[in-house]
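Raw coords_21.txt, compact mmCIF, C-alpha atoms:
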```
# COMPACT_ATOMS: atom_id res chain seq x y z
CA MET A 1320 -102.58 -10.38 33.02
CA ILE A 1321 -104.99 -12.76 34.80
CA PRO A 1322 -106.52 -15.48 32.55
CA ARG A 1323 -110.29 -15.45 32.03
CA ARG A 1324 -112.13 -18.15 34.01
CA ASP A 1325 -115.04 -20.33 32.88
CA PRO A 1326 -117.98 -19.25 35.12
CA THR A 1327 -119.52 -22.72 34.92
CA GLY A 1328 -116.62 -24.87 35.94
CA GLY A 1329 -113.97 -22.58 37.33
CA THR A 1330 -111.34 -23.88 34.91
CA VAL A 1331 -108.85 -21.65 33.22
CA TYR A 1332 -109.18 -20.96 29.52
CA CYS A 1333 -105.50 -21.43 28.74
CA HIS A 1334 -105.33 -24.89 27.19
CA GLY A 1335 -105.91 -23.50 23.70
CA PHE A 1336 -103.07 -21.05 24.22
CA LEU A 1337 -100.78 -23.86 25.41
CA LYS A 1338 -101.56 -25.93 22.33
CA LEU A 1339 -100.82 -22.97 20.10
CA LYS A 1340 -97.58 -22.30 21.99
CA LEU A 1341 -96.56 -25.95 21.60
CA MET A 1342 -97.29 -25.86 17.87
CA LEU A 1343 -95.24 -22.69 17.48
CA THR A 1344 -92.36 -24.26 19.41
CA VAL A 1345 -92.38 -27.31 17.14
CA LEU A 1346 -92.46 -25.02 14.12
CA VAL A 1347 -89.48 -23.01 15.38
CA ILE A 1348 -87.45 -26.15 16.10
CA THR A 1349 -88.32 -27.58 12.69
CA THR A 1350 -87.30 -24.32 11.04
CA PHE A 1351 -83.93 -24.39 12.83
CA VAL A 1352 -83.30 -27.96 11.73
CA TYR A 1353 -84.26 -27.59 8.11
CA PHE A 1354 -83.12 -24.06 7.35
CA GLY A 1355 -79.69 -23.95 8.91
CA GLY A 1356 -80.19 -22.49 12.41
CA SER A 1357 -77.41 -24.45 14.03
CA LYS A 1358 -76.64 -23.08 17.46
CA PRO A 1359 -79.47 -24.74 19.42
CA VAL A 1360 -78.85 -28.00 17.59
CA TYR A 1361 -75.12 -27.92 18.32
CA GLY A 1362 -75.87 -27.46 22.00
CA ILE A 1363 -77.72 -30.77 21.94
CA ILE A 1364 -74.94 -32.39 19.92
CA ASP A 1365 -72.37 -31.22 22.45
CA ARG A 1366 -74.15 -33.06 25.23
CA ILE A 1367 -74.78 -36.22 23.23
CA SER A 1368 -71.20 -36.62 22.00
CA ALA A 1369 -69.37 -35.57 25.15
CA SER A 1370 -67.76 -38.98 25.60
CA GLY A 1371 -66.06 -38.97 22.19
CA TYR A 1372 -66.12 -41.37 19.26
CA ASN A 1373 -63.21 -43.28 17.73
CA PRO A 1374 -63.29 -42.84 13.92
CA SER A 1375 -60.96 -45.82 13.35
CA PRO A 1376 -61.53 -48.40 16.09
CA ASP A 1377 -59.58 -51.08 14.23
CA MET A 1378 -56.40 -48.96 13.93
CA GLU A 1379 -54.47 -48.26 17.11
CA ILE A 1380 -53.42 -44.63 17.51
CA GLY A 1381 -49.81 -44.28 18.57
CA ASP A 1382 -48.79 -47.59 17.02
CA ALA A 1383 -45.18 -47.02 15.93
CA ASP A 1384 -44.91 -45.23 12.57
CA GLY A 1385 -48.41 -46.02 11.33
CA PHE A 1386 -49.58 -42.41 11.40
CA ILE A 1387 -49.50 -41.83 7.62
CA PRO A 1388 -51.70 -44.86 6.73
CA TRP A 1389 -54.02 -43.87 9.58
CA PHE A 1390 -54.34 -40.32 8.31
CA GLU A 1391 -54.90 -41.36 4.69
CA ARG A 1392 -57.66 -43.71 5.78
CA ASP A 1393 -59.16 -41.10 8.09
CA LEU A 1394 -59.22 -38.44 5.37
CA SER A 1395 -60.90 -40.88 2.99
CA TYR A 1396 -63.52 -41.63 5.63
CA VAL A 1397 -64.25 -37.94 6.35
CA THR A 1398 -64.48 -37.22 2.63
CA ARG A 1399 -66.99 -40.01 2.16
CA ILE A 1400 -69.36 -39.10 4.99
CA VAL A 1401 -69.39 -35.40 4.06
CA ARG A 1402 -69.91 -35.97 0.34
CA GLU A 1403 -72.63 -38.57 0.99
CA ASN A 1404 -74.53 -35.77 2.68
CA ASP A 1405 -73.86 -33.36 -0.22
CA GLY A 1406 -72.11 -31.01 2.19
CA LYS A 1407 -75.38 -29.86 3.75
CA LEU A 1408 -76.12 -29.56 7.45
CA ASN A 1409 -79.76 -28.47 7.19
CA ARG A 1410 -81.19 -31.99 7.00
CA LEU A 1411 -81.48 -34.87 9.44
CA SER A 1412 -78.62 -36.85 7.90
CA GLY A 1413 -76.44 -33.75 8.17
CA LEU A 1414 -77.20 -33.51 11.86
CA ARG A 1415 -76.17 -37.12 12.32
CA VAL A 1416 -72.89 -36.43 10.54
CA ALA A 1417 -72.32 -33.35 12.71
CA MET A 1418 -72.99 -35.36 15.86
CA ARG A 1419 -70.52 -37.99 14.73
CA LEU A 1420 -67.83 -35.45 13.83
CA ARG A 1421 -68.23 -33.66 17.16
CA GLY A 1422 -67.78 -36.93 18.99
CA GLU A 1423 -64.68 -37.65 16.93
CA VAL A 1424 -63.22 -34.23 17.76
CA ARG A 1425 -63.54 -35.06 21.44
CA PHE A 1426 -61.92 -38.43 20.92
CA LEU A 1427 -59.02 -36.86 19.01
CA GLU A 1428 -58.56 -34.25 21.75
CA GLN A 1429 -58.31 -37.05 24.30
CA GLU A 1430 -55.73 -38.89 22.20
CA ILE A 1431 -53.67 -35.73 21.72
CA ARG A 1432 -53.65 -35.15 25.47
CA ARG A 1433 -52.66 -38.76 26.05
CA LEU A 1434 -49.68 -38.50 23.71
CA GLN A 1435 -48.67 -35.09 25.07
CA ASP A 1436 -48.78 -36.48 28.61
CA ASN A 1437 -46.53 -39.39 27.68
CA PRO A 1438 -43.37 -38.03 26.03
CA SER A 1439 -40.69 -40.36 24.73
CA TYR A 1440 -38.25 -38.96 27.27
CA THR A 1441 -38.40 -36.63 30.28
CA HIS A 1442 -35.20 -35.37 31.87
CA PRO A 1443 -35.16 -36.32 35.55
CA ALA A 1444 -33.45 -33.12 36.73
CA LEU A 1445 -34.16 -30.40 34.16
CA GLY A 1446 -37.72 -31.49 33.40
CA PHE A 1447 -37.71 -31.05 29.63
CA HIS A 1448 -39.58 -33.49 27.37
CA VAL A 1449 -38.62 -35.02 24.04
CA TYR A 1450 -41.06 -36.59 21.57
CA ASP A 1451 -39.51 -38.96 19.05
CA THR A 1452 -40.43 -39.11 15.36
CA ASP A 1453 -43.27 -41.59 15.90
CA ALA A 1454 -44.89 -39.59 18.71
CA THR A 1455 -44.50 -36.32 16.78
CA GLY A 1456 -45.83 -37.90 13.60
CA TRP A 1457 -48.94 -39.05 15.42
CA LEU A 1458 -49.47 -35.65 17.01
CA HIS A 1459 -49.10 -34.03 13.59
CA VAL A 1460 -51.81 -36.15 11.95
CA LEU A 1461 -54.14 -36.03 14.97
CA TYR A 1462 -54.05 -32.23 14.98
CA LYS A 1463 -54.71 -32.30 11.22
CA ALA A 1464 -57.65 -34.68 11.68
CA GLN A 1465 -59.05 -32.55 14.49
CA ASP A 1466 -58.70 -29.30 12.52
CA VAL A 1467 -60.39 -30.63 9.40
CA ARG A 1468 -63.39 -31.73 11.47
CA LYS A 1469 -63.63 -28.39 13.26
CA ASN A 1470 -63.46 -26.53 9.96
CA ILE A 1471 -66.11 -28.76 8.40
CA LEU A 1472 -68.43 -28.23 11.36
CA ALA A 1473 -67.88 -24.47 11.43
CA SER A 1474 -68.67 -24.27 7.70
CA HIS A 1475 -71.82 -26.44 7.94
CA LEU A 1476 -70.16 -29.44 6.27
CA ASP A 1477 -68.29 -27.66 3.48
CA PRO A 1478 -66.29 -30.48 1.78
CA SER A 1479 -63.63 -28.09 0.46
CA PHE A 1480 -61.89 -28.23 3.84
CA VAL A 1481 -61.22 -31.92 3.24
CA ASP A 1482 -59.79 -31.20 -0.20
CA ASP A 1483 -57.48 -28.51 1.20
CA THR A 1484 -56.01 -30.71 3.95
CA ASN A 1485 -52.33 -31.41 3.33
CA ILE A 1486 -50.25 -33.68 5.54
CA ASN A 1487 -47.12 -32.15 4.02
CA LYS A 1488 -47.64 -28.77 5.68
CA LEU A 1489 -47.48 -27.54 9.23
CA THR A 1490 -50.36 -25.46 10.56
CA ASP A 1491 -48.43 -22.25 9.79
CA GLY A 1492 -47.97 -23.35 6.16
CA THR A 1493 -44.35 -24.51 6.47
CA PRO A 1494 -43.87 -27.23 3.82
CA LEU A 1495 -42.64 -30.68 4.80
CA TYR A 1496 -40.43 -32.94 2.68
CA GLU A 1497 -38.99 -36.42 2.63
CA PRO A 1498 -36.06 -36.60 5.05
CA GLU A 1499 -32.58 -37.80 4.23
CA LEU A 1500 -32.45 -41.46 5.24
CA GLY A 1501 -30.49 -42.03 8.42
CA LYS A 1502 -30.36 -38.31 9.25
CA LEU A 1503 -33.41 -37.97 11.48
CA PRO A 1504 -32.44 -36.44 14.84
CA ARG A 1505 -32.35 -38.94 17.69
CA VAL A 1506 -33.70 -38.45 21.20
CA GLU A 1507 -30.29 -38.94 22.79
CA GLU A 1508 -28.78 -36.24 20.55
CA VAL A 1509 -31.44 -33.80 21.70
CA VAL A 1510 -30.86 -34.69 25.34
CA ASP A 1511 -27.09 -34.22 25.02
CA ALA A 1512 -27.50 -30.84 23.32
CA LEU A 1513 -29.91 -29.51 25.95
CA GLU A 1514 -27.82 -30.82 28.83
CA GLY A 1515 -24.84 -28.91 27.44
CA ILE A 1516 -26.59 -25.52 27.55
CA THR A 1517 -25.46 -23.53 30.59
CA LEU A 1518 -28.70 -21.77 31.50
CA PRO A 1519 -30.65 -22.03 34.78
CA ALA A 1520 -32.77 -25.14 35.26
CA LYS A 1521 -36.00 -23.13 35.22
CA VAL A 1522 -35.43 -22.38 31.52
CA PHE A 1523 -35.82 -26.08 30.70
CA HIS A 1524 -38.74 -26.98 32.95
CA ASP A 1525 -41.61 -28.43 30.89
CA TYR A 1526 -39.89 -27.39 27.65
CA LYS A 1527 -40.87 -29.68 24.78
CA VAL A 1528 -38.87 -30.81 21.76
CA TYR A 1529 -40.79 -32.48 18.93
CA ILE A 1530 -38.68 -34.43 16.43
CA LEU A 1531 -40.51 -34.37 13.12
CA PRO A 1532 -40.37 -37.46 10.90
CA PHE A 1533 -40.03 -35.03 7.99
CA SER A 1534 -37.69 -32.36 6.70
CA MET A 1535 -38.61 -28.68 6.68
CA GLY A 1536 -36.26 -28.01 3.78
CA GLU A 1537 -33.92 -25.11 4.50
CA ILE A 1538 -35.36 -24.82 8.00
CA SER A 1539 -33.76 -27.16 10.52
CA GLY A 1540 -35.85 -26.03 13.47
CA LEU A 1541 -38.70 -23.78 14.55
CA GLY A 1542 -38.79 -22.43 18.09
CA SER A 1543 -41.43 -20.72 20.18
CA GLU A 1544 -42.28 -20.21 23.83
CA GLY A 1545 -42.23 -23.60 25.50
CA TYR A 1546 -41.34 -25.82 22.55
CA MET A 1547 -39.38 -26.39 19.37
CA LEU A 1548 -39.90 -28.45 16.22
CA LEU A 1549 -36.79 -30.21 14.99
CA GLY A 1550 -36.60 -31.46 11.41
CA ALA A 1551 -34.24 -33.64 9.41
CA PRO A 1552 -32.24 -32.42 6.43
CA PRO A 1553 -33.91 -32.96 3.05
CA VAL A 1554 -32.77 -35.58 0.58
CA ASN A 1555 -29.36 -34.90 -1.02
CA CYS A 1556 -28.58 -32.02 1.32
CA THR A 1557 -25.13 -31.31 2.70
CA VAL A 1558 -25.45 -30.96 6.46
CA MET A 1559 -23.22 -28.73 8.54
CA GLU A 1560 -21.26 -30.34 11.33
CA HIS A 1561 -23.06 -30.34 14.70
CA GLN A 1562 -26.28 -29.17 13.00
CA ILE A 1563 -28.54 -30.64 15.69
CA ALA A 1564 -26.70 -29.07 18.63
CA PHE A 1565 -26.51 -25.77 16.71
CA THR A 1566 -30.25 -25.77 15.97
CA ILE A 1567 -31.34 -26.77 19.46
CA ALA A 1568 -29.30 -24.04 21.17
CA HIS A 1569 -30.58 -21.42 18.72
CA GLU A 1570 -34.23 -22.42 19.05
CA LEU A 1571 -33.94 -22.51 22.83
CA GLY A 1572 -32.77 -18.91 22.52
CA HIS A 1573 -36.17 -18.03 21.07
CA HIS A 1574 -37.84 -19.73 24.02
CA VAL A 1575 -35.69 -17.63 26.36
CA HIS A 1576 -36.60 -14.28 24.85
CA MET A 1577 -40.28 -15.17 24.39
CA THR A 1578 -40.57 -16.40 27.98
CA PHE A 1579 -38.37 -13.99 29.89
CA LEU A 1580 -37.97 -10.89 27.70
CA GLY A 1581 -40.87 -10.65 25.26
CA SER A 1582 -41.97 -12.03 21.92
CA THR A 1583 -42.09 -8.51 20.49
CA TYR A 1584 -40.60 -5.14 21.29
CA GLU A 1585 -44.00 -3.85 22.42
CA GLU A 1586 -44.25 -6.49 25.13
CA ASN A 1587 -41.17 -5.19 26.94
CA PRO A 1588 -39.63 -2.09 25.34
CA LYS A 1589 -37.43 -1.35 28.36
CA GLY A 1590 -35.94 -4.84 28.39
CA TRP A 1591 -35.37 -4.94 24.65
CA GLU A 1592 -33.81 -1.47 24.68
CA GLU A 1593 -31.33 -2.63 27.31
CA TYR A 1594 -30.43 -5.66 25.22
CA MET A 1595 -30.15 -3.62 22.01
CA SER A 1596 -27.93 -1.10 23.77
CA ILE A 1597 -25.50 -3.84 24.80
CA ARG A 1598 -25.47 -5.26 21.27
CA GLY A 1599 -25.31 -1.95 19.42
CA ILE A 1600 -28.59 -2.56 17.60
CA PRO A 1601 -30.03 0.84 16.62
CA LEU A 1602 -33.56 -0.24 15.73
CA TRP A 1603 -35.79 -3.21 16.53
CA SER A 1604 -36.35 -5.49 13.55
CA ALA A 1605 -38.59 -8.57 13.47
CA ASP A 1606 -37.49 -11.78 11.81
CA GLY A 1607 -38.16 -12.83 8.22
CA ASP A 1608 -37.84 -15.82 5.94
CA ILE A 1609 -34.83 -18.03 6.50
CA ASN A 1610 -31.68 -16.67 4.82
CA SER A 1611 -33.44 -13.42 3.92
CA ARG A 1612 -32.02 -9.98 4.67
CA ALA A 1613 -34.75 -9.51 7.28
CA TRP A 1614 -33.61 -12.69 9.05
CA PHE A 1615 -29.96 -11.60 9.13
CA GLU A 1616 -30.94 -8.18 10.52
CA SER A 1617 -33.52 -9.48 12.99
CA THR A 1618 -33.22 -8.52 16.66
CA GLU A 1619 -34.93 -11.77 17.69
CA GLU A 1620 -32.61 -13.93 15.60
CA THR A 1621 -29.61 -12.04 16.95
CA PHE A 1622 -30.76 -12.79 20.49
CA ALA A 1623 -31.21 -16.49 19.67
CA GLU A 1624 -27.73 -16.58 18.15
CA ASP A 1625 -26.31 -14.85 21.23
CA VAL A 1626 -27.78 -17.59 23.41
CA ARG A 1627 -26.30 -20.24 21.14
CA VAL A 1628 -22.74 -18.88 21.10
CA LEU A 1629 -22.62 -17.80 24.77
CA PHE A 1630 -24.54 -20.61 26.48
CA GLY A 1631 -24.57 -23.50 24.02
CA ALA A 1632 -22.42 -26.59 24.32
CA LYS A 1633 -19.04 -26.60 22.57
CA GLN A 1634 -20.51 -28.22 19.45
CA ALA A 1635 -23.36 -25.70 19.26
CA ALA A 1636 -21.09 -22.69 19.77
CA SER A 1637 -18.43 -23.85 17.31
CA TRP A 1638 -19.96 -22.01 14.36
CA PRO A 1639 -19.68 -18.20 14.09
CA HIS A 1640 -22.56 -15.89 14.94
CA GLY A 1641 -25.11 -15.87 12.14
CA THR A 1642 -26.58 -12.35 11.89
CA VAL A 1643 -25.19 -9.02 10.69
CA TYR A 1644 -24.25 -8.06 14.25
CA LYS A 1645 -20.79 -9.29 15.05
CA ASP A 1646 -20.12 -12.27 17.25
CA PRO A 1647 -20.20 -10.98 20.84
CA ARG A 1648 -17.26 -13.24 21.72
CA ARG A 1649 -15.04 -10.96 19.66
CA ASP A 1650 -15.44 -8.34 22.38
CA PRO A 1651 -15.06 -9.92 25.84
CA ALA A 1652 -16.66 -6.91 27.53
CA VAL A 1653 -19.80 -7.18 25.37
CA ALA A 1654 -19.92 -10.94 25.87
CA GLN A 1655 -19.72 -10.53 29.64
CA ARG A 1656 -22.43 -7.85 29.72
CA LEU A 1657 -24.67 -10.06 27.59
CA LYS A 1658 -24.14 -13.09 29.81
CA VAL A 1659 -24.97 -11.07 32.90
CA PHE A 1660 -28.06 -9.61 31.20
CA ILE A 1661 -29.40 -13.02 30.12
CA ASP A 1662 -28.47 -14.70 33.41
CA THR A 1663 -30.25 -11.97 35.35
CA LEU A 1664 -33.23 -12.16 33.02
CA THR A 1665 -33.70 -15.90 33.49
CA ASP A 1666 -32.90 -15.89 37.21
CA THR A 1667 -35.29 -13.13 38.29
CA CYS A 1668 -38.32 -13.57 36.01
```
Starting from the coordinates I provided, produce the structure as structure tokens.
Amino acid sequence: MIPRRDPTGGTVYCHGFLKLKLMLTVLVITTFVYFGGSKPVYGIIDRISASGYNPSPDMEIGDADGFIPWFERDLSYVTRIVRENDGKLNRLSGLRVAMRLRGEVRFLEQEIRRLQDNPSYTHPALGFHVYDTDATGWLHVLYKAQDVRKNILASHLDPSFVDDTNINKLTDGTPLYEPELGKLPRVEEVVDALEGITLPAKVFHDYKVYILPFSMGEISGLGSEGYMLLGAPPVNCTVMEHQIAFTIAHELGHHVHMTFLGSTYEENPKGWEEYMSIRGIPLWSADGDINSRAWFESTEETFAEDVRVLFGAKQAASWPHGTVYKDPRRDPAVAQRLKVFIDTLTDTC
């Protein structure tokens, strides 16, 4: 459509339309700000807070074992700024809080990367990394602080996410307890246990071990692809001999099957069927709670135990196999077939 021209001056009659368009634009922006339309606003916030913002400039992150006081203070601070705004984003003060929180998320992400990039120990030949209790404690609280901010922002400043934050739980809900004094795993113990495992070097490359400054109760370790969490025994708990070496070899077994075989049967049915045939396992079974029937019958836990007893150091392999399927060492032919299967798996993948 061609705009109508003024026959006397040749100017275009569009200035009134532009003014109206400008007024409508202002109205739309105002409506977004005051009635909860957040996406355009967050785009602006993203650009403003890209450099990050330190929520506690007078407390040094990574300073020895100061992570619990830091987190308590940080949680108090987040609670205050959210409640002062009545948990509402659709006002100017709420936007300021959101901008601040977004900047803090970026700062926390930077600090997490910094700690991850600077492990307490890196093996010069095998390339695995170990994070001591201080480093792991800081990572634990930084992830918690980051998550609570992300949840608050996603919920438009809902303060309930602050109330629900619990330092004594992992992200998967695993409870954490006070550790037995003097029983926290040491970096050198972890290094010795990993060095004693007779698997190819590629298995260990960039593998990460995080030593928690807490106990996980009955659970001594949690393993996944690329990393494990190692906990201390709880207070007044009788600890089995060589518990650390035992746990490390078992959890590394989970890393092996998740990396080279498959986290689930569906990921690699042919590979799992071959393994199950060697072990005489009739049906795939996922794991369950520690010491439950499902755990003892689990195909995954059986594989992790096989790695422990066949490839672990002497201390790790000293305890009998832990699932309902008999110890493969009782049948040398089965043990040999298993070793060849796992060696081939880790050498060729």
Original post:
So how many Å separate CA of Met1547 in chain A and CA of Glu1570 in chain A, to one decimal?
Top reply: 6.5 Å
**OP:** Write out as a PyMOL selection string each polymer residue whose atoms come within 12 Å of Val1659 in chain A, counting only C-alpha atoms; drop sequence neighbours fewer than 2 positions from it.
**Re:** chain A and resi 1518+1593-1594+1597+1626+1629-1630+1652-1657+1661-1667
Subject >> Close residues, Ala1383 in chain A itself excluded, 12 Å, all atoms listed in the file, min 4 positions apart in chain, as a ChimeraX atom specification >> reply: /A:1378-1379,1387-1389,1439,1451-1457,1532
**OP:** Name the residues in contact with range 1580-1590 of chain A at a cut-off of 10 Å, using all atoms listed in the file, excluding same-chain residues fewer than 3 positions from it; report them as a list in words.
**Re:** Ser1543, Glu1544, His1573, His1574, Val1575, His1576, Met1577, Glu1593, Tyr1594, Met1595, Ser1596, Trp1603, Ser1604, Ala1605, Thr1618, Glu1619, Phe1660, Ile1661, Leu1664, Thr1665 and Cys1668 of chain A
Original post:
So which one's closest to Arg1433 in chain A, A:Asp1606, A:Leu1461, A:Phe1386, A:Lys1633? Using all atoms listed in the file, please.
Top reply: A:Leu1461
**OP:** Please check which residues have atoms at most 12 Å from (-66.0, -25.7, 7.7) in the file's coordinates, counting only C-alpha atoms, and write them as a VMD selection string.
**Re:** chain A and resid 1401 1406 to 1408 1417 1420 1465 to 1484
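Taking CA of Ala1568 in chain A and CA of Ala1636 in chain A as the two end points, the separation is 8.4 Å.
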Subject >> Gap from CA of Ser1611 in chain A to CA of Ile1538 in chain A - Å, one decimal >> reply: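 Between CA of Ser1611 in chain A and CA of Ile1538 in chain A the gap is 12.3 Å.
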